[in-house]
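Below is one structure, written out as structure tokens; the observations come after it.
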Amino acid sequence: MAEPMIRIQGLYKIFGAAGEAVLPMVRDGMGKQELLDTHGRVLGLRDINMSVPPRCIQVVMGLSGSGKSTLIRHINRLIAPTAGEILVDGTNVAGMDGVTLREFRRHRASMVFQRFALMPHRSVRDNVAYGLTVQGLQSTEVEKRASRWIERVGLEDFADRYPGELSGGMQQRVGLGRALATDPDILLMDEAFSALDPLIRYDMQNMLLDLQTELKKTIVFITHDLDEALRIGDNVAILRDGGMVQQGRPQDIVLTPADDYVADFVKDVNRGKLVRVESIMKPGTTCASAPAIPLGTRLERAALALSEAAAERGKVTDRDGTAIGIVSQLDLLDAMVRRRRPSP
Amino acid sequence: MAKNAWWIEFPAMERETLVALRKALDGAYREFSRSYGDVIEAVFEPLLHFLVGFEKLLLNAPWWSVLLAVCAFAYLASRSWKIVAGTIIAFLFIGYFGMWEDTMSTMSMIAVSTLLAIAFGVPVGILMARSNRTQTVVTPLLDVMQTMPAFVYLIPVVMLLGIGKVPGLLAVVIYAIPPVIRLTNLGIRLVDREVLEASDAFGASGWQRLVGVQIPLAFPTIMAGVNQTIMMALAMVVIASMIGVQGLGQPVLRSITNQYFTLGLLNGLAIVALAIVFDRVSQAYGKRLQLQYKQAHHG
């Protein structure tokens, strides 16, 4: 496992004056409501530990008020932590001085916002170029790089328009272009697609996945939409009331929810389209004529293959065609439809 | 001693004490203006040169070239031929009734005092927007400046600098500066917090944020303040004529003392005409900007 790009350790955030004063009580387990009632402080985050491997999409999911937007703002310190460390490539963002922090924001991490946060007085071109202008680059260089990204997000015909003249989806493409133009290692996306219509959102997800296969950024993506989380996340973390509930690959979360909260969340997920056979296969062998199901096949596909072959069992094969396990119709059916309870 | 009990007549300060207090304050201020008057006058010397130079330029240029320049300015700011036509009519009326020279003096006064008000008002407004403490200190000062009868602050200005253009200019600026300050403050405070956060997230320094985001986005509001300032400066021109400011205020003052109704009315109308031109031009400019920015909030 590669060294994580972002490692968050023991992160606490308490809003309100002198949050440190009540920190010990929170460490001892005081809840969000109790803290508000007795001390008038708002608990933002409680003991967050998280590692984001490089070049992966880490989704952070939760309902409103769960602290997910607070968490992402700690990574570029738009919000300063009450306690804990945010290590990016081994450097603690929480401990940076003003100049270092600015350099970090200019070159290493950029952000895409839920409501776009474009500058209404700048054209699309100048919006995309904003980060480069802030870096103080020469105008010809700014122009060159900005043009490339305007083209990459498909807005070359709108470069001289103003954000107010564009639809929501196009505005967010400007936002994405602006974030990518500085060529950062880390892309922070705060509910970036939540304000868009479902169809546009789907397009934007595709665009992001396309860009990611090519660019290989480390992306932290905040969302409250489970389908979005499962679709684009390499890893998913679930927050609730400022605390971390579960982290793992999408299919792990769906198959083994950590508690009732997560179980409730994932109960309507179409597991047949999400989970791959290796998660449920069992050791063993079957007759040679059994249908072969390659590693990585989704459950729905596997079930179809078995029923087409009218076989009770299939063998799961690796890349060389060697059988490494078996999977039965019953297992497939069970994995797809049975209501999952949190594992004890 | 007790002619009246304290519950019948207000227990005011002794007459002698009050006189002594007034004398002491007046004396101190007179002493101050005697010893520093020259220095302060020297400080304002460049301003006087600028004002006189600008006035001479307007007065010596042929009338049609001034009219052309004003029209060009009006068009560039408003992009409206209707406003340009109105401007031409207003200036032809002024010239035909023999008020061209006074109008040029007034215009130079307005232009210089507006520039001064912007030069001081915008930075003060920015400081106010940056700190709530500054705002709580400056706001009551502005309230005093706006409600204090204009004649009252003519007195110390005249004591310090005598009568003439510069004291007149100062009086006009003091009277007219509050709207620029207030609306700069307001405009900057109203800038969308998310856009500011975005600018922070991309590593903008405080200065980059101010110049690149806050001022441009507050600009339509600041322009509304400038518009108000111009209007107030025009209103102050008549009062400032009492301390020797040339221009349309002088004939108005003369007509009050001599009961020349028509002279007063004509010059009053000339001030109104100028006011309408300035107002429409600066408002059209502000609106044009606002239209461009406003669209950003749909979508």
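Here, A, B, ... name the chains of the structure tokens in the order displayed, residue numbers run from 1 inside each chain, and ligands are numbered from 1 in the same displayed order.
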Counting only C-alpha atoms, collect the residues of chain A whose closest atom lies at most 10 Å from chain B, and write them out as a count of residues only. 52
All alpha helix (DSSP H) residues (DSSP, backbone) inside segment 238-283 of chain A, as a PyMOL selection string: chain A and resi 250-255+260-266+271-274
Pick the closest to Glu41 of chain B from B:Val281, B:Leu161, B:Ile230, B:Ile215: which is it, counting only C-alpha atoms?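 The answer is B:Leu161, which sits nearest to Glu41 of chain B.
Atom CA of Tyr261 of chain A to atom CA of Ala83 of chain A spans 26.7 Å [interatomic distance, one decimal].
Our summary of the geometry notes that atom CA of Leu137 of chain A is positioned 18.3 Å from atom CA of Ser123 of chain A.
From atom CA of Val237 of chain B back to atom CA of Phe44 of chain B, the distance works out to 19.4 Å.
Using only C-alpha atoms, the contacts of Ile238 of chain A at a cut-off of 7 Å, with sequence neighbours closer than 4 positions omitted, comprise Val60, Met61, Gly62, Met244, Val245, Gln246 and Gln247 of chain A.
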Which residues are close to Leu263 of chain B, i.e. within 12 Å by only C-alpha atoms, leaving aside same-chain residues fewer than 6 positions away? Reply as a PDB file with all heavy atoms, in the first residue's frame.
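What ended up in out-v9.pdb:
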```pdb
ATOM      1  N   PHE B  97     -28.810  81.340 -21.685  1.00  0.00           N
ATOM      2  CA  PHE B  97     -29.196  82.297 -20.654  1.00  0.00           C
ATOM      3  C   PHE B  97     -27.995  82.906 -19.932  1.00  0.00           C
ATOM      4  O   PHE B  97     -28.119  83.454 -18.846  1.00  0.00           O
ATOM      5  CB  PHE B  97     -30.157  81.646 -19.650  1.00  0.00           C
ATOM      6  CG  PHE B  97     -31.552  81.513 -20.184  1.00  0.00           C
ATOM      7  CD1 PHE B  97     -31.968  80.354 -20.809  1.00  0.00           C
ATOM      8  CD2 PHE B  97     -32.444  82.579 -20.095  1.00  0.00           C
ATOM      9  CE1 PHE B  97     -33.242  80.238 -21.321  1.00  0.00           C
ATOM     10  CE2 PHE B  97     -33.725  82.467 -20.607  1.00  0.00           C
ATOM     11  CZ  PHE B  97     -34.137  81.297 -21.235  1.00  0.00           C
ATOM     12  N   GLY B  98     -26.829  82.787 -20.551  1.00  0.00           N
ATOM     13  CA  GLY B  98     -25.660  83.498 -20.055  1.00  0.00           C
ATOM     14  C   GLY B  98     -25.061  82.958 -18.768  1.00  0.00           C
ATOM     15  O   GLY B  98     -24.469  83.692 -17.992  1.00  0.00           O
ATOM     16  N   MET B  99     -25.207  81.689 -18.520  1.00  0.00           N
ATOM     17  CA  MET B  99     -24.678  81.153 -17.272  1.00  0.00           C
ATOM     18  C   MET B  99     -23.511  80.201 -17.509  1.00  0.00           C
ATOM     19  O   MET B  99     -23.139  79.435 -16.632  1.00  0.00           O
ATOM     20  CB  MET B  99     -25.812  80.424 -16.527  1.00  0.00           C
ATOM     21  CG  MET B  99     -26.941  81.351 -16.140  1.00  0.00           C
ATOM     22  SD  MET B  99     -28.296  80.490 -15.341  1.00  0.00           S
ATOM     23  CE  MET B  99     -28.988  79.552 -16.652  1.00  0.00           C
ATOM     24  N   LEU B 248     -22.298  78.974  -9.838  1.00  0.00           N
ATOM     25  CA  LEU B 248     -23.737  79.241  -9.886  1.00  0.00           C
ATOM     26  C   LEU B 248     -24.295  79.676  -8.534  1.00  0.00           C
ATOM     27  O   LEU B 248     -25.363  80.282  -8.465  1.00  0.00           O
ATOM     28  CB  LEU B 248     -24.474  77.983 -10.357  1.00  0.00           C
ATOM     29  CG  LEU B 248     -24.214  77.598 -11.816  1.00  0.00           C
ATOM     30  CD1 LEU B 248     -24.713  76.194 -12.097  1.00  0.00           C
ATOM     31  CD2 LEU B 248     -24.878  78.592 -12.742  1.00  0.00           C
ATOM     32  N   GLY B 249     -23.603  79.389  -7.464  1.00  0.00           N
ATOM     33  CA  GLY B 249     -24.085  79.771  -6.138  1.00  0.00           C
ATOM     34  C   GLY B 249     -24.060  81.283  -5.924  1.00  0.00           C
ATOM     35  O   GLY B 249     -24.908  81.837  -5.234  1.00  0.00           O
ATOM     36  N   GLN B 250     -23.057  81.946  -6.531  1.00  0.00           N
ATOM     37  CA  GLN B 250     -22.901  83.397  -6.329  1.00  0.00           C
ATOM     38  C   GLN B 250     -24.145  84.181  -6.749  1.00  0.00           C
ATOM     39  O   GLN B 250     -24.677  84.952  -5.952  1.00  0.00           O
ATOM     40  CB  GLN B 250     -21.664  83.896  -7.082  1.00  0.00           C
ATOM     41  CG  GLN B 250     -20.353  83.485  -6.462  1.00  0.00           C
ATOM     42  CD  GLN B 250     -20.025  84.274  -5.196  1.00  0.00           C
ATOM     43  OE1 GLN B 250     -20.757  85.174  -4.811  1.00  0.00           O
ATOM     44  NE2 GLN B 250     -18.938  83.902  -4.542  1.00  0.00           N
ATOM     45  N   PRO B 251     -24.618  84.008  -8.008  1.00  0.00           N
ATOM     46  CA  PRO B 251     -25.816  84.755  -8.397  1.00  0.00           C
ATOM     47  C   PRO B 251     -27.033  84.407  -7.542  1.00  0.00           C
ATOM     48  O   PRO B 251     -27.862  85.285  -7.274  1.00  0.00           O
ATOM     49  CB  PRO B 251     -26.053  84.336  -9.853  1.00  0.00           C
ATOM     50  CG  PRO B 251     -24.953  83.456 -10.248  1.00  0.00           C
ATOM     51  CD  PRO B 251     -24.033  83.262  -9.126  1.00  0.00           C
ATOM     52  N   VAL B 252     -27.100  83.136  -7.099  1.00  0.00           N
ATOM     53  CA  VAL B 252     -28.224  82.759  -6.231  1.00  0.00           C
ATOM     54  C   VAL B 252     -28.160  83.564  -4.938  1.00  0.00           C
ATOM     55  O   VAL B 252     -29.151  84.135  -4.476  1.00  0.00           O
ATOM     56  CB  VAL B 252     -28.200  81.243  -5.935  1.00  0.00           C
ATOM     57  CG1 VAL B 252     -29.252  80.875  -4.895  1.00  0.00           C
ATOM     58  CG2 VAL B 252     -28.425  80.446  -7.201  1.00  0.00           C
ATOM     59  N   LEU B 253     -26.954  83.621  -4.367  1.00  0.00           N
ATOM     60  CA  LEU B 253     -26.767  84.382  -3.130  1.00  0.00           C
ATOM     61  C   LEU B 253     -27.141  85.850  -3.340  1.00  0.00           C
ATOM     62  O   LEU B 253     -27.819  86.470  -2.513  1.00  0.00           O
ATOM     63  CB  LEU B 253     -25.304  84.258  -2.711  1.00  0.00           C
ATOM     64  CG  LEU B 253     -24.970  84.641  -1.274  1.00  0.00           C
ATOM     65  CD1 LEU B 253     -25.684  83.704  -0.312  1.00  0.00           C
ATOM     66  CD2 LEU B 253     -23.469  84.591  -1.049  1.00  0.00           C
ATOM     67  N   ARG B 254     -26.691  86.409  -4.514  1.00  0.00           N
ATOM     68  CA  ARG B 254     -26.999  87.811  -4.833  1.00  0.00           C
ATOM     69  C   ARG B 254     -28.507  88.019  -4.931  1.00  0.00           C
ATOM     70  O   ARG B 254     -29.043  89.017  -4.471  1.00  0.00           O
ATOM     71  CB  ARG B 254     -26.337  88.184  -6.164  1.00  0.00           C
ATOM     72  CG  ARG B 254     -25.282  89.227  -5.990  1.00  0.00           C
ATOM     73  CD  ARG B 254     -24.844  89.958  -7.244  1.00  0.00           C
ATOM     74  NE  ARG B 254     -25.168  89.410  -8.534  1.00  0.00           N
ATOM     75  CZ  ARG B 254     -24.367  88.601  -9.221  1.00  0.00           C
ATOM     76  NH1 ARG B 254     -23.222  88.188  -8.716  1.00  0.00           N
ATOM     77  NH2 ARG B 254     -24.718  88.192 -10.422  1.00  0.00           N
ATOM     78  N   SER B 255     -29.180  87.052  -5.536  1.00  0.00           N
ATOM     79  CA  SER B 255     -30.605  87.271  -5.721  1.00  0.00           C
ATOM     80  C   SER B 255     -31.373  87.161  -4.404  1.00  0.00           C
ATOM     81  O   SER B 255     -32.431  87.759  -4.253  1.00  0.00           O
ATOM     82  CB  SER B 255     -31.199  86.329  -6.771  1.00  0.00           C
ATOM     83  OG  SER B 255     -30.408  85.202  -6.943  1.00  0.00           O
ATOM     84  N   ILE B 256     -30.831  86.430  -3.438  1.00  0.00           N
ATOM     85  CA  ILE B 256     -31.499  86.406  -2.125  1.00  0.00           C
ATOM     86  C   ILE B 256     -31.396  87.787  -1.480  1.00  0.00           C
ATOM     87  O   ILE B 256     -32.392  88.359  -1.030  1.00  0.00           O
ATOM     88  CB  ILE B 256     -30.859  85.357  -1.191  1.00  0.00           C
ATOM     89  CG1 ILE B 256     -31.033  83.944  -1.755  1.00  0.00           C
ATOM     90  CG2 ILE B 256     -31.482  85.441   0.204  1.00  0.00           C
ATOM     91  CD1 ILE B 256     -30.259  82.891  -0.998  1.00  0.00           C
ATOM     92  N   THR B 257     -30.178  88.334  -1.487  1.00  0.00           N
ATOM     93  CA  THR B 257     -29.994  89.609  -0.800  1.00  0.00           C
ATOM     94  C   THR B 257     -30.691  90.759  -1.525  1.00  0.00           C
ATOM     95  O   THR B 257     -31.099  91.721  -0.908  1.00  0.00           O
ATOM     96  CB  THR B 257     -28.489  89.930  -0.651  1.00  0.00           C
ATOM     97  OG1 THR B 257     -27.855  89.693  -1.907  1.00  0.00           O
ATOM     98  CG2 THR B 257     -27.864  89.047   0.397  1.00  0.00           C
ATOM     99  N   LEU B 269     -32.278  76.763 -11.699  1.00  0.00           N
ATOM    100  CA  LEU B 269     -32.586  75.776 -12.739  1.00  0.00           C
ATOM    101  C   LEU B 269     -31.312  75.214 -13.366  1.00  0.00           C
ATOM    102  O   LEU B 269     -31.240  74.030 -13.708  1.00  0.00           O
ATOM    103  CB  LEU B 269     -33.473  76.400 -13.817  1.00  0.00           C
ATOM    104  CG  LEU B 269     -34.944  76.557 -13.432  1.00  0.00           C
ATOM    105  CD1 LEU B 269     -35.720  77.241 -14.556  1.00  0.00           C
ATOM    106  CD2 LEU B 269     -35.560  75.196 -13.125  1.00  0.00           C
ATOM    107  N   ALA B 270     -30.303  76.059 -13.512  1.00  0.00           N
ATOM    108  CA  ALA B 270     -29.036  75.575 -14.071  1.00  0.00           C
ATOM    109  C   ALA B 270     -28.435  74.503 -13.166  1.00  0.00           C
ATOM    110  O   ALA B 270     -27.927  73.476 -13.636  1.00  0.00           O
ATOM    111  CB  ALA B 270     -28.062  76.733 -14.251  1.00  0.00           C
TER     112      ALA B 270
END
```
Would you kindly return, as a ChimeraX atom specification, each protein, DNA or RNA residue with an atom no farther than 12 Å from any atom of segment 84-96 of chain A, considering only C-alpha atoms and excluding same-chain residues fewer than 6 positions away? /A:2-14,20,23,27,45-54,71-78,102-105,108-109,185-186,218
Limited to N, CA and C atoms, could you put the picked residues into a file as a short mmCIF file (atom, residue, chain, number, x, y, z; two decimals), in the first residue's frame?
```
data_model
loop_
_atom_site.label_atom_id
_atom_site.label_comp_id
_atom_site.auth_asym_id
_atom_site.auth_seq_id
_atom_site.Cartn_x
_atom_site.Cartn_y
_atom_site.Cartn_z
N ALA A 2 0.63 2.11 -0.93
CA ALA A 2 1.44 3.33 -1.04
C ALA A 2 1.19 4.25 0.15
N GLU A 3 2.15 5.08 0.42
CA GLU A 3 2.01 6.10 1.47
C GLU A 3 0.80 6.99 1.15
N PRO A 4 -0.10 7.22 2.11
CA PRO A 4 -1.29 8.02 1.78
C PRO A 4 -0.92 9.46 1.41
N MET A 5 -1.68 10.02 0.49
CA MET A 5 -1.48 11.40 0.08
C MET A 5 -1.96 12.34 1.19
N ILE A 6 -3.13 12.00 1.72
CA ILE A 6 -3.68 12.82 2.80
C ILE A 6 -3.92 11.89 3.98
N ARG A 7 -3.40 12.26 5.14
CA ARG A 7 -3.69 11.47 6.33
C ARG A 7 -4.21 12.41 7.41
N ILE A 8 -5.41 12.11 7.86
CA ILE A 8 -6.02 12.94 8.90
C ILE A 8 -5.99 12.15 10.19
N GLN A 9 -5.46 12.79 11.24
CA GLN A 9 -5.28 12.06 12.50
C GLN A 9 -5.88 12.83 13.67
N GLY A 10 -6.79 12.15 14.36
CA GLY A 10 -7.35 12.71 15.59
C GLY A 10 -7.91 14.11 15.43
N LEU A 11 -8.63 14.33 14.34
CA LEU A 11 -9.12 15.68 14.05
C LEU A 11 -10.40 15.98 14.83
N TYR A 12 -10.36 17.09 15.56
CA TYR A 12 -11.55 17.58 16.25
C TYR A 12 -11.82 19.01 15.81
N LYS A 13 -13.09 19.35 15.65
CA LYS A 13 -13.42 20.76 15.42
C LYS A 13 -14.62 21.12 16.27
N ILE A 14 -14.44 22.13 17.11
CA ILE A 14 -15.54 22.64 17.91
C ILE A 14 -15.71 24.11 17.55
N GLU A 20 -10.99 24.82 22.52
CA GLU A 20 -10.05 23.95 23.25
C GLU A 20 -10.56 23.67 24.66
N LEU A 23 -12.71 20.76 24.77
CA LEU A 23 -12.20 19.59 24.05
C LEU A 23 -12.11 18.33 24.93
N ARG A 27 -13.66 14.70 24.13
CA ARG A 27 -12.83 13.49 24.07
C ARG A 27 -13.39 12.40 24.97
N LEU A 45 -16.59 18.26 14.26
CA LEU A 45 -15.99 16.96 13.94
C LEU A 45 -15.45 16.34 15.21
N ARG A 46 -15.58 15.01 15.29
CA ARG A 46 -15.10 14.32 16.48
C ARG A 46 -14.21 13.16 16.08
N ASP A 47 -12.95 13.25 16.48
CA ASP A 47 -11.98 12.18 16.31
C ASP A 47 -12.02 11.54 14.92
N ILE A 48 -11.72 12.35 13.92
CA ILE A 48 -11.70 11.84 12.55
C ILE A 48 -10.31 11.31 12.23
N ASN A 49 -10.26 10.07 11.78
CA ASN A 49 -9.01 9.49 11.28
C ASN A 49 -9.29 8.94 9.90
N MET A 50 -8.48 9.35 8.95
CA MET A 50 -8.79 8.95 7.58
C MET A 50 -7.51 9.02 6.75
N SER A 51 -7.36 8.05 5.86
CA SER A 51 -6.22 8.10 4.95
C SER A 51 -6.71 8.04 3.52
N VAL A 52 -6.18 8.93 2.70
CA VAL A 52 -6.56 8.93 1.29
C VAL A 52 -5.34 8.56 0.48
N PRO A 53 -5.37 7.39 -0.17
CA PRO A 53 -4.22 7.02 -1.00
C PRO A 53 -4.10 7.94 -2.22
N PRO A 54 -2.90 8.09 -2.75
CA PRO A 54 -2.73 8.96 -3.90
C PRO A 54 -3.48 8.44 -5.12
N LEU A 71 -15.24 18.94 7.18
CA LEU A 71 -14.06 18.08 7.04
C LEU A 71 -13.23 18.47 5.82
N ILE A 72 -13.90 18.68 4.69
CA ILE A 72 -13.12 18.96 3.47
C ILE A 72 -12.42 20.31 3.58
N ARG A 73 -13.02 21.24 4.31
CA ARG A 73 -12.41 22.56 4.46
C ARG A 73 -11.20 22.55 5.39
N HIS A 74 -11.01 21.45 6.10
CA HIS A 74 -9.80 21.33 6.91
C HIS A 74 -8.59 20.97 6.04
N ILE A 75 -8.86 20.33 4.91
CA ILE A 75 -7.73 19.85 4.11
C ILE A 75 -6.97 21.02 3.49
N ASN A 76 -7.66 22.11 3.13
CA ASN A 76 -6.91 23.31 2.71
C ASN A 76 -7.04 24.43 3.73
N ARG A 77 -7.45 24.07 4.92
CA ARG A 77 -7.52 24.96 6.09
C ARG A 77 -8.34 26.22 5.85
N LEU A 78 -9.42 26.08 5.09
CA LEU A 78 -10.38 27.17 5.09
C LEU A 78 -11.01 27.21 6.48
N ARG A 102 -0.58 29.72 1.73
CA ARG A 102 -0.99 30.31 0.45
C ARG A 102 -0.37 29.57 -0.72
N GLU A 103 0.91 29.26 -0.58
CA GLU A 103 1.59 28.51 -1.64
C GLU A 103 0.95 27.14 -1.83
N PHE A 104 0.61 26.50 -0.68
CA PHE A 104 -0.05 25.20 -0.72
C PHE A 104 -1.37 25.30 -1.48
N ARG A 105 -2.15 26.33 -1.18
CA ARG A 105 -3.44 26.48 -1.85
C ARG A 105 -3.27 26.83 -3.33
N ARG A 108 -1.00 23.17 -4.74
CA ARG A 108 -1.15 21.75 -4.44
C ARG A 108 -2.58 21.28 -4.29
N ALA A 109 -3.47 22.17 -3.83
CA ALA A 109 -4.85 21.72 -3.62
C ALA A 109 -5.80 22.79 -4.14
N ASP A 185 -2.18 18.60 -7.05
CA ASP A 185 -2.17 17.16 -6.80
C ASP A 185 -3.51 16.72 -6.23
N ILE A 186 -4.13 17.67 -5.51
CA ILE A 186 -5.34 17.32 -4.77
C ILE A 186 -6.50 18.17 -5.26
N THR A 218 -5.52 13.11 -6.74
CA THR A 218 -6.11 12.62 -5.50
C THR A 218 -7.34 13.48 -5.25
#
```
